[in-house]
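> What follows is run.csv; its format and atoms are CSV, C-alpha atoms (C1' of nucleotides).
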chain,number,residue,atom,x,y,z
E,1,MET,CA,10.0,-21.5,12.8
E,2,SER,CA,11.5,-22.5,9.5
E,3,LEU,CA,11.3,-26.2,8.8
E,4,CYS,CA,14.2,-26.0,6.5
E,5,ASN,CA,17.4,-27.4,7.8
E,6,LYS,CA,19.6,-27.0,4.8
E,7,HIS,CA,18.5,-23.9,3.1
E,8,GLU,CA,20.3,-24.5,-0.2
E,9,THR,CA,18.3,-27.7,-0.8
E,10,CYS,CA,15.2,-25.7,-0.2
E,11,VAL,CA,16.0,-23.1,-2.8
E,12,ASP,CA,17.1,-25.7,-5.4
E,13,ASP,CA,13.9,-27.6,-4.8
E,14,ALA,CA,11.8,-24.6,-5.4
E,15,LEU,CA,13.5,-23.8,-8.6
E,16,MET,CA,13.3,-27.4,-9.8
E,17,LYS,CA,9.6,-27.5,-9.1
E,18,ALA,CA,9.2,-24.2,-11.0
E,19,ASP,CA,11.1,-25.6,-13.9
E,20,LEU,CA,8.8,-28.7,-13.9
E,21,ILE,CA,5.6,-26.7,-13.7
E,22,CYS,CA,6.6,-24.2,-16.4
E,23,LYS,CA,7.7,-27.0,-18.7
E,24,ASP,CA,4.5,-28.8,-18.1
E,25,LYS,CA,2.3,-25.8,-18.7
E,26,GLY,CA,4.3,-24.6,-21.6
E,27,LEU,CA,5.3,-21.4,-19.8
E,28,ARG,CA,8.5,-19.5,-20.4
E,29,PHE,CA,10.5,-19.6,-17.2
E,30,THR,CA,12.9,-16.8,-18.4
E,31,GLU,CA,16.1,-15.8,-16.7
E,32,ILE,CA,14.5,-12.7,-15.1
E,33,ARG,CA,11.6,-14.7,-13.7
E,34,ARG,CA,13.9,-17.4,-12.4
E,35,THR,CA,16.2,-14.8,-10.8
E,36,ILE,CA,13.3,-13.1,-9.1
E,37,LEU,CA,12.0,-16.5,-7.8
E,38,GLU,CA,15.5,-17.4,-6.5
E,39,MET,CA,15.8,-14.0,-4.8
E,40,ILE,CA,12.4,-14.5,-3.1
E,41,TRP,CA,13.5,-18.0,-1.9
E,42,ALA,CA,16.8,-16.6,-0.5
E,43,SER,CA,15.1,-16.4,2.8
E,44,HIS,CA,12.0,-17.5,4.6
E,45,LYS,CA,11.1,-13.9,5.2
E,46,PRO,CA,8.7,-11.9,3.1
E,47,VAL,CA,10.4,-9.9,0.4
E,48,LYS,CA,9.4,-6.5,-0.8
E,49,ALA,CA,9.2,-5.6,-4.5
E,50,TYR,CA,11.6,-2.7,-4.3
E,51,ASP,CA,14.2,-4.8,-2.4
E,52,LEU,CA,14.0,-7.2,-5.3
E,53,LEU,CA,14.5,-4.3,-7.7
E,54,ASP,CA,17.6,-3.1,-5.8
E,55,LYS,CA,19.1,-6.5,-5.8
E,56,LEU,CA,18.3,-7.1,-9.5
E,57,GLN,CA,19.8,-3.7,-10.5
E,58,LYS,CA,23.1,-4.7,-9.1
E,59,TYR,CA,23.7,-6.8,-12.2
E,60,MET,CA,20.9,-5.8,-14.5
E,61,PHE,CA,21.2,-2.1,-15.1
E,62,SER,CA,18.0,-2.0,-17.1
E,63,ALA,CA,15.8,-3.3,-14.3
E,64,ARG,CA,12.8,-1.1,-13.5
E,65,PRO,CA,9.8,-1.5,-11.3
E,66,THR,CA,7.9,-3.1,-14.2
E,67,THR,CA,10.6,-5.6,-14.6
E,68,VAL,CA,10.0,-6.8,-11.1
E,69,TYR,CA,6.2,-6.5,-11.0
E,70,ARG,CA,5.9,-8.4,-14.2
E,71,SER,CA,7.8,-11.3,-12.9
E,72,LEU,CA,5.9,-11.1,-9.6
E,73,ASP,CA,2.7,-11.3,-11.6
E,74,PHE,CA,3.9,-14.2,-13.6
E,75,LEU,CA,4.9,-16.1,-10.4
E,76,LEU,CA,1.7,-15.2,-8.6
E,77,GLU,CA,-0.5,-16.3,-11.5
E,78,ASN,CA,1.2,-19.6,-11.7
E,79,GLY,CA,1.1,-20.3,-8.0
E,80,LEU,CA,4.9,-20.1,-7.5
E,81,ILE,CA,4.7,-17.4,-4.9
E,82,HIS,CA,2.2,-15.8,-2.6
E,83,LYS,CA,1.5,-12.1,-1.8
E,84,LEU,CA,1.1,-11.3,1.8
E,85,ASN,CA,-1.4,-8.4,1.7
E,86,SER,CA,-0.8,-7.3,5.3
E,87,LEU,CA,2.8,-6.7,4.6
E,88,ASN,CA,2.9,-5.8,0.9
E,89,ALA,CA,5.5,-8.5,0.5
E,90,TYR,CA,6.0,-11.8,-1.4
E,91,ILE,CA,7.1,-15.3,-0.4
E,92,GLY,CA,7.7,-18.5,-2.2
E,93,CYS,CA,5.0,-21.2,-2.3
E,94,THR,CA,6.2,-24.4,-0.7
E,95,HIS,CA,4.0,-26.7,-2.7
E,96,PRO,CA,3.4,-25.2,-6.1
E,97,LEU,CA,2.6,-28.5,-7.7
E,98,LYS,CA,-0.6,-28.8,-5.6
E,99,HIS,CA,-1.6,-25.2,-5.3
E,100,HIS,CA,-4.6,-24.3,-3.2
E,101,ASP,CA,-5.5,-21.8,-0.5
E,102,CYS,CA,-2.8,-21.3,1.9
E,103,TYR,CA,-2.6,-19.5,5.2
E,104,PHE,CA,0.3,-17.7,6.7
E,105,LEU,CA,1.7,-17.5,10.2
E,106,ILE,CA,3.7,-14.3,10.4
E,107,CYS,CA,6.0,-14.0,13.4
E,108,SER,CA,6.3,-10.4,14.4
E,109,ASN,CA,9.3,-11.3,16.5
E,110,CYS,CA,11.7,-13.0,14.0
E,111,GLY,CA,9.9,-12.0,10.8
E,112,GLU,CA,9.7,-15.5,9.5
E,113,ILE,CA,6.6,-16.8,7.7
E,114,GLU,CA,5.2,-20.2,7.9
E,115,GLU,CA,2.9,-21.3,5.1
E,116,TYR,CA,0.2,-23.2,6.8
E,117,CYS,CA,-2.3,-25.1,4.7
E,118,ASP,CA,-4.8,-26.6,7.1
E,119,SER,CA,-7.7,-28.5,5.7
E,120,ASN,CA,-9.6,-28.1,8.9
E,121,ILE,CA,-9.6,-24.4,8.5
E,122,SER,CA,-10.4,-24.6,4.8
E,123,ASP,CA,-13.3,-26.9,5.5
E,124,THR,CA,-14.7,-24.8,8.3
E,125,ILE,CA,-14.6,-21.7,6.2
E,126,LYS,CA,-16.2,-23.6,3.3
E,127,ILE,CA,-19.1,-25.0,5.5
E,128,ASN,CA,-19.8,-21.6,7.0
E,129,LEU,CA,-19.8,-19.8,3.6
E,130,ASP,CA,-22.2,-22.4,2.2
E,131,LYS,CA,-24.6,-21.5,5.0
E,132,ASN,CA,-24.2,-17.9,4.0
E,133,ASP,CA,-24.6,-18.5,0.3
E,134,PHE,CA,-21.3,-17.0,-0.6
E,135,ILE,CA,-19.2,-18.5,-3.3
E,136,PRO,CA,-15.6,-18.0,-2.5
E,137,LYS,CA,-13.0,-17.4,-5.2
E,138,LYS,CA,-9.9,-16.4,-3.3
E,139,THR,CA,-9.1,-16.6,0.4
E,140,SER,CA,-6.5,-14.6,2.2
E,141,LEU,CA,-5.7,-15.6,5.8
E,142,GLU,CA,-2.8,-14.0,7.5
E,143,ILE,CA,-2.1,-14.4,11.2
E,144,GLU,CA,0.4,-12.3,12.9
E,145,GLY,CA,1.8,-13.5,16.2
E,146,THR,CA,4.7,-15.3,17.8
E,147,CYS,CA,6.1,-18.5,16.4
E,148,ASN,CA,7.1,-21.6,18.3
E,149,ASN,CA,10.8,-21.0,17.8
E,150,CYS,CA,10.6,-17.6,19.3
E,151,LEU,CA,8.5,-18.9,22.2
E,152,LYS,CA,11.2,-21.4,23.1
E,153,ASN,CA,14.0,-18.9,23.1
S,154,MET,CA,-25.7,-8.5,0.4
S,155,SER,CA,-26.1,-5.6,2.8
S,156,LEU,CA,-28.3,-6.5,5.8
S,157,CYS,CA,-29.1,-2.8,6.2
S,158,ASN,CA,-32.6,-1.9,5.1
S,159,LYS,CA,-32.7,1.7,6.1
S,160,HIS,CA,-29.2,3.0,5.6
S,161,GLU,CA,-29.6,6.3,7.5
S,162,THR,CA,-30.3,4.3,10.7
S,163,CYS,CA,-27.2,2.3,10.2
S,164,VAL,CA,-24.9,5.4,9.9
S,165,ASP,CA,-26.5,7.1,12.9
S,166,ASP,CA,-26.1,3.9,14.9
S,167,ALA,CA,-22.4,3.7,14.1
S,168,LEU,CA,-21.8,7.3,15.1
S,169,MET,CA,-23.8,6.9,18.3
S,170,LYS,CA,-21.8,3.8,19.2
S,171,ALA,CA,-18.6,5.7,18.4
S,172,ASP,CA,-19.7,8.5,20.7
S,173,LEU,CA,-20.4,6.1,23.5
S,174,ILE,CA,-17.1,4.3,23.1
S,175,CYS,CA,-15.0,7.4,23.0
S,176,LYS,CA,-16.8,8.9,26.0
S,177,ASP,CA,-16.3,5.7,27.9
S,178,LYS,CA,-12.7,5.4,27.1
S,179,GLY,CA,-12.0,9.1,27.5
S,180,LEU,CA,-11.0,9.5,23.9
S,181,ARG,CA,-11.5,12.7,21.9
S,182,PHE,CA,-14.0,12.1,19.1
S,183,THR,CA,-13.1,15.3,17.2
S,184,GLU,CA,-15.0,16.7,14.3
S,185,ILE,CA,-12.5,15.4,11.8
S,186,ARG,CA,-12.5,11.9,13.2
S,187,ARG,CA,-16.3,11.9,13.3
S,188,THR,CA,-16.5,13.2,9.7
S,189,ILE,CA,-14.1,10.5,8.4
S,190,LEU,CA,-16.1,7.8,10.2
S,191,GLU,CA,-19.3,9.2,8.8
S,192,MET,CA,-17.8,9.2,5.3
S,193,ILE,CA,-16.7,5.6,5.7
S,194,TRP,CA,-20.2,4.6,6.8
S,195,ALA,CA,-21.7,6.3,3.8
S,196,SER,CA,-21.7,3.0,2.0
S,197,HIS,CA,-21.2,-0.7,2.7
S,198,LYS,CA,-18.4,-0.6,0.2
S,199,PRO,CA,-14.7,-0.3,1.2
S,200,VAL,CA,-13.5,3.2,1.1
S,201,LYS,CA,-10.0,4.4,-0.1
S,202,ALA,CA,-8.0,6.9,1.9
S,203,TYR,CA,-7.5,9.3,-1.0
S,204,ASP,CA,-11.2,9.2,-1.8
S,205,LEU,CA,-11.8,10.3,1.8
S,206,LEU,CA,-9.3,13.0,1.3
S,207,ASP,CA,-11.0,14.3,-1.8
S,208,LYS,CA,-14.4,14.4,-0.1
S,209,LEU,CA,-12.9,16.0,3.0
S,210,GLN,CA,-11.2,18.7,1.0
S,211,LYS,CA,-14.5,19.8,-0.5
S,212,TYR,CA,-15.2,21.7,2.7
S,213,MET,CA,-11.9,21.5,4.6
S,214,PHE,CA,-9.3,23.2,2.5
S,215,SER,CA,-6.5,22.4,4.8
S,216,ALA,CA,-7.0,18.6,4.6
S,217,ARG,CA,-3.9,16.6,3.7
S,218,PRO,CA,-3.1,12.9,3.5
S,219,THR,CA,-1.9,13.0,7.1
S,220,THR,CA,-5.3,14.5,8.1
S,221,VAL,CA,-7.0,11.4,6.8
S,222,TYR,CA,-4.4,8.8,7.9
S,223,ARG,CA,-4.3,10.1,11.4
S,224,SER,CA,-8.1,9.8,11.7
S,225,LEU,CA,-7.9,6.3,10.1
S,226,ASP,CA,-5.3,5.4,12.7
S,227,PHE,CA,-7.4,6.6,15.5
S,228,LEU,CA,-10.5,4.7,14.2
S,229,LEU,CA,-8.5,1.5,13.6
S,230,GLU,CA,-6.8,1.6,17.0
S,231,ASN,CA,-10.1,2.0,18.7
S,232,GLY,CA,-11.9,-0.7,16.7
S,233,LEU,CA,-14.3,1.6,15.0
S,234,ILE,CA,-13.2,0.6,11.5
S,235,HIS,CA,-11.3,-2.2,9.8
S,236,LYS,CA,-8.7,-2.1,7.1
S,237,LEU,CA,-9.1,-4.5,4.2
S,238,ASN,CA,-5.5,-5.4,3.3
S,239,SER,CA,-6.3,-7.0,0.1
S,240,LEU,CA,-8.0,-3.8,-1.2
S,241,ASN,CA,-6.1,-1.1,0.7
S,242,ALA,CA,-9.4,0.2,1.8
S,243,TYR,CA,-11.3,0.8,5.0
S,244,ILE,CA,-14.8,-0.1,6.3
S,245,GLY,CA,-16.8,0.5,9.4
S,246,CYS,CA,-17.0,-2.0,12.1
S,247,THR,CA,-20.5,-3.2,12.8
S,248,HIS,CA,-20.0,-4.1,16.4
S,249,PRO,CA,-17.4,-1.8,17.9
S,250,LEU,CA,-18.6,-2.4,21.4
S,251,LYS,CA,-17.6,-6.0,21.3
S,252,HIS,CA,-14.6,-5.8,19.2
S,253,HIS,CA,-12.8,-9.0,18.2
S,254,ASP,CA,-11.4,-10.7,15.1
S,255,CYS,CA,-13.7,-10.2,12.1
S,256,TYR,CA,-13.7,-11.8,8.7
S,257,PHE,CA,-14.7,-10.2,5.5
S,258,LEU,CA,-16.7,-11.5,2.5
S,259,ILE,CA,-15.8,-9.3,-0.4
S,260,CYS,CA,-18.2,-9.5,-3.4
S,261,SER,CA,-16.2,-9.0,-6.5
S,262,ASN,CA,-19.4,-8.4,-8.4
S,263,CYS,CA,-21.2,-5.7,-6.5
S,264,GLY,CA,-18.2,-4.5,-4.4
S,265,GLU,CA,-20.1,-4.8,-1.1
S,266,ILE,CA,-18.4,-6.2,2.0
S,267,GLU,CA,-20.0,-8.3,4.6
S,268,GLU,CA,-18.4,-8.4,8.0
S,269,TYR,CA,-18.5,-12.0,9.1
S,270,CYS,CA,-17.6,-12.9,12.6
S,271,ASP,CA,-17.9,-16.6,12.9
S,272,SER,CA,-16.9,-18.2,16.1
S,273,ASN,CA,-16.6,-21.6,14.4
S,274,ILE,CA,-13.9,-20.2,12.2
S,275,SER,CA,-12.2,-18.5,15.1
S,276,ASP,CA,-12.3,-21.6,17.2
S,277,THR,CA,-10.9,-23.8,14.4
S,278,ILE,CA,-8.1,-21.4,13.8
S,279,LYS,CA,-7.3,-21.2,17.5
S,280,ILE,CA,-7.3,-25.0,17.9
S,281,ASN,CA,-5.0,-25.5,15.0
S,282,LEU,CA,-2.6,-22.8,16.0
S,283,ASP,CA,-2.4,-24.3,19.5
S,284,LYS,CA,-1.3,-27.5,18.0
S,285,ASN,CA,1.3,-25.6,16.1
S,286,ASP,CA,2.5,-23.6,19.1
S,287,PHE,CA,1.8,-20.3,17.5
S,288,ILE,CA,0.4,-17.4,19.6
S,289,PRO,CA,-1.8,-15.3,17.4
S,290,LYS,CA,-2.1,-11.5,18.0
S,291,LYS,CA,-4.0,-10.4,14.9
S,292,THR,CA,-5.9,-12.3,12.3
S,293,SER,CA,-6.8,-11.1,8.9
S,294,LEU,CA,-9.2,-13.2,6.8
S,295,GLU,CA,-10.6,-11.8,3.6
S,296,ILE,CA,-12.6,-13.9,1.2
S,297,GLU,CA,-13.3,-12.6,-2.2
S,298,GLY,CA,-16.2,-14.2,-4.1
S,299,THR,CA,-19.8,-13.7,-5.1
S,300,CYS,CA,-22.4,-12.7,-2.5
S,301,ASN,CA,-25.8,-14.2,-2.1
S,302,ASN,CA,-27.6,-11.2,-3.4
S,303,CYS,CA,-25.6,-11.2,-6.6
S,304,LEU,CA,-26.2,-15.0,-7.0
S,305,LYS,CA,-29.9,-14.4,-6.8
S,306,ASN,CA,-29.9,-11.8,-9.5
C,307,DA,C1',-6.9,31.1,37.0
C,308,DT,C1',-2.3,30.1,35.3
C,309,DT,C1',1.1,27.3,33.8
C,310,DA,C1',2.7,23.0,32.1
C,311,DA,C1',2.0,18.9,29.7
C,312,DT,C1',-0.2,16.3,26.4
C,313,DT,C1',-2.8,15.5,22.4
C,314,DA,C1',-4.5,17.0,18.0
C,315,DT,C1',-3.9,19.5,13.8
C,316,DG,C1',-1.4,22.3,9.9
C,317,DT,C1',1.8,22.0,6.4
C,318,DA,C1',5.4,20.4,3.4
C,319,DA,C1',8.1,17.1,1.7
C,320,DT,C1',9.0,12.6,0.5
C,321,DA,C1',8.9,7.6,0.8
C,322,DA,C1',7.0,3.2,-0.6
C,323,DT,C1',4.1,0.6,-3.6
C,324,DA,C1',2.3,-0.2,-8.1
C,325,DT,C1',0.4,0.7,-13.0
C,326,DT,C1',0.0,2.5,-17.8
C,327,DG,C1',1.4,3.1,-22.5
C,328,DC,C1',4.1,2.5,-26.1
C,329,DA,C1',8.4,0.9,-28.4
C,330,DT,C1',11.4,-3.0,-29.2
C,331,DT,C1',13.2,-7.5,-29.0
C,332,DG,C1',12.9,-12.4,-29.0
C,333,DA,C1',10.7,-17.0,-29.4
C,334,DA,C1',7.3,-20.0,-31.3
C,335,DT,C1',4.7,-21.4,-35.2
C,336,DA,C1',2.8,-21.4,-39.8
H,337,DT,C1',11.2,-17.0,-43.8
H,338,DA,C1',7.4,-14.4,-42.5
H,339,DT,C1',4.1,-13.9,-39.1
H,340,DT,C1',2.4,-13.7,-34.6
H,341,DC,C1',2.5,-13.5,-29.9
H,342,DA,C1',4.9,-13.1,-25.6
H,343,DA,C1',8.5,-10.8,-23.1
H,344,DT,C1',11.2,-6.9,-22.1
H,345,DG,C1',12.9,-1.9,-22.3
H,346,DC,C1',11.8,2.4,-20.8
H,347,DA,C1',9.6,6.7,-19.2
H,348,DA,C1',6.1,8.6,-17.0
H,349,DT,C1',2.8,8.7,-13.5
H,350,DA,C1',-0.7,6.9,-10.3
H,351,DT,C1',-1.6,5.3,-5.7
H,352,DT,C1',-0.8,4.5,-0.9
H,353,DA,C1',1.4,6.0,3.2
H,354,DT,C1',4.9,8.2,6.4
H,355,DT,C1',8.2,11.6,8.5
H,356,DA,C1',9.4,15.8,10.5
H,357,DC,C1',8.5,19.9,12.6
H,358,DA,C1',5.5,23.9,13.8
H,359,DT,C1',1.2,25.5,15.8
H,360,DA,C1',-3.1,25.2,18.2
H,361,DA,C1',-6.3,23.2,21.4
H,362,DT,C1',-7.4,20.5,25.4
H,363,DT,C1',-6.5,18.5,29.8
H,364,DA,C1',-4.0,18.2,34.1
H,365,DA,C1',-1.2,20.2,37.7
H,366,DT,C1',0.0,24.1,40.4
Before we go any further, please render this structure as structure tokens.


Amino acid sequence: MSLCNKHETCVDDALMKADLICKDKGLRFTEIRRTILEMIWASHKPVKAYDLLDKLQKYMFSARPTTVYRSLDFLLENGLIHKLNSLNAYIGCTHPLKHHDCYFLICSNCGEIEEYCDSNISDTIKINLDKNDFIPKKTSLEIEGTCNNCLKN
Amino acid sequence: MSLCNKHETCVDDALMKADLICKDKGLRFTEIRRTILEMIWASHKPVKAYDLLDKLQKYMFSARPTTVYRSLDFLLENGLIHKLNSLNAYIGCTHPLKHHDCYFLICSNCGEIEEYCDSNISDTIKINLDKNDFIPKKTSLEIEGTCNNCLKN
DNA sequence: ATTAATTATGTAATAATATTGCATTGAATA
DNA sequence: TATTCAATGCAATATTATTACATAATTAAT
């Protein structure tokens, strides 16, 4: 499922983009925030808050739930990660520079997530909501199923 | 937002349909399950599990979290209610007889939910997933925004 | 009708997820 | 350098959900 061939590149890229964005917006990309983002990017699987906490506590004794949730809030607010509501888990955003509504394909076999930003879907939703006089602010679309990689194997 | 004019009818209707479905499928629509469904239908707003528990405990001393969650599981499995993942809350299904993927318009102003089953959206999603070789099993689409009723007022 | 099997409920404990409030520290800026 | 604002430390607690095992009720099999 994952389109990433060389995972190291992919993490580095995410951190670099985050640096850029924070610099640009005058945000403080502190060590904790950077570490949490890095941990989230360690895989293409959704990551749970308390798993992040466990990892963090390995070398940061003072880490508490708030430590993690505050960083998650910061990363969410600034479009660097997404929350998957159906899983209570978090995943890195692949295109934080151009942040817009994203959809998620969740493979229930391998656990990987594909971020899927399809303008056809966005447009269809938009058109139908217009008809219905509903002004959308935030869209969450999560589709659980079997990914192409798992289908092949 | 709510399309329901006379709410009593709407609750009765939901319970009647539930009766039918359970009879048809040979399921046991016990008093607890019926009560929970009725409580959920008491409004067109999403209902929280522990609010159901509080209500239930008013006249059922022995009610516990499991009491509620078991009924919720039953109702979810049999398509009588939906879970709104973005809110950790539950809402009745308006067409349990023909159960399929439903989408939700969540008004962040008045708190009401509109169940929105649009085949255009379903089709668009399906077509695009086909292109992507992804076999969907369960789709969750929740759109938060402002409803037409709140826009008018 | 009686027994066995299955399903539903009672009950306690605890796990998993997340937030609040207040004190302290550190960075930015006036 | 003093001030202000943002970030973190820390404890407590709120919210959401599950597990495990016992008992009761219903259904199915004999």

> Residues of region 314-336 of chain C that approach region 71-88 of chain E to 12 Å or less, counting all atoms listed in the file: could you list each one with the shortest pair of atoms and its distance in Å to one decimal, rows by chain and increasing residue number, as JSON lines?


{"residue": "C:DA322", "atom": "C1'", "partner": "E:Asn88", "partner_atom": "CA", "distance": 10.0}
{"residue": "C:DT323", "atom": "C1'", "partner": "E:Asn88", "partner_atom": "CA", "distance": 7.9}
{"residue": "C:DA324", "atom": "C1'", "partner": "E:Asn88", "partner_atom": "CA", "distance": 10.6}

> Write out as JSON, numbers by chain the residues lying within 10 Å of DA342 (chain H), counting all atoms listed in the file and excluding same-chain residues fewer than 3 positions away.

{"E": [28], "C": [332, 333, 334]}

> For Thr94 (chain E), please output as a ChimeraX atom specification all residues within 10 Å (counting all atoms listed in the file; exclusion window: fewer than 5 positions along the same chain).

/E:10,13-14,17,41,79-82,99,102,114-116

> Store the residues of this selection in a file with C-alpha atoms, as a PDB file, in the coordinates of the input.


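As written to disk, again.pdb reads:
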ATOM      1  CA  CYS E  10      15.200 -25.700  -0.200  1.00  0.00           C
ATOM      2  CA  ASP E  13      13.900 -27.600  -4.800  1.00  0.00           C
ATOM      3  CA  ALA E  14      11.800 -24.600  -5.400  1.00  0.00           C
ATOM      4  CA  LYS E  17       9.600 -27.500  -9.100  1.00  0.00           C
ATOM      5  CA  TRP E  41      13.500 -18.000  -1.900  1.00  0.00           C
ATOM      6  CA  GLY E  79       1.100 -20.300  -8.000  1.00  0.00           C
ATOM      7  CA  LEU E  80       4.900 -20.100  -7.500  1.00  0.00           C
ATOM      8  CA  ILE E  81       4.700 -17.400  -4.900  1.00  0.00           C
ATOM      9  CA  HIS E  82       2.200 -15.800  -2.600  1.00  0.00           C
ATOM     10  CA  HIS E  99      -1.600 -25.200  -5.300  1.00  0.00           C
ATOM     11  CA  CYS E 102      -2.800 -21.300   1.900  1.00  0.00           C
ATOM     12  CA  GLU E 114       5.200 -20.200   7.900  1.00  0.00           C
ATOM     13  CA  GLU E 115       2.900 -21.300   5.100  1.00  0.00           C
ATOM     14  CA  TYR E 116       0.200 -23.200   6.800  1.00  0.00           C
TER      15      TYR E 116
END

> Could you write out as a list of chain:residue names the residues of chain S within 12 Å of chain H, counting all atoms listed in the file?

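Here is what falls inside 12 Å: S:Gly179, S:Leu180, S:Arg181, S:Thr183, S:Lys201, S:Ala202, S:Tyr203, S:Asp204, S:Arg217, S:Pro218, S:Thr219, S:Thr220, S:Val221, S:Tyr222, S:Arg223, S:Leu225, S:Asp226, S:Asn238, S:Leu240, S:Asn241, S:Ala242.
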
> In Å, rounded to a single decimal, give me how far CA of Ile259 (chain S) is from CA of Asp207 (chain S).

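Distance reported for this atom pair: 24.1 Å.
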
> Could you please select, counting only C-alpha atoms, the residues of chain E within 6 Å of chain S and state them as a list in words?

Asn85, Ser86, Asp133, Phe134, Ile135, Pro136, Lys137, Lys138, Thr139, Ser140, Leu141, Glu142, Ile143, Glu144, Gly145, Thr146, Cys147 and Asn148 of chain E

> Hey, list the chain C side of the contact with chain S: 12 Å cut-off, all atoms listed in the file, answer as a list in words.

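For chain C, the answer reads DT313, DA314, DT315, DG316, DT317, DA318 and DT323 of chain C.
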
> Between CA of Lys25 (chain E) and CA of His7 (chain E), what is the spacing in Å?

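Pair CA of His7 (chain E) / CA of Lys25 (chain E) returns 27.2 Å.
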
> Work out how far CA of Asn109 (chain E) is from CA of Tyr90 (chain E), in Å to one decimal.

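Here the two named atoms are 18.2 Å from each other.
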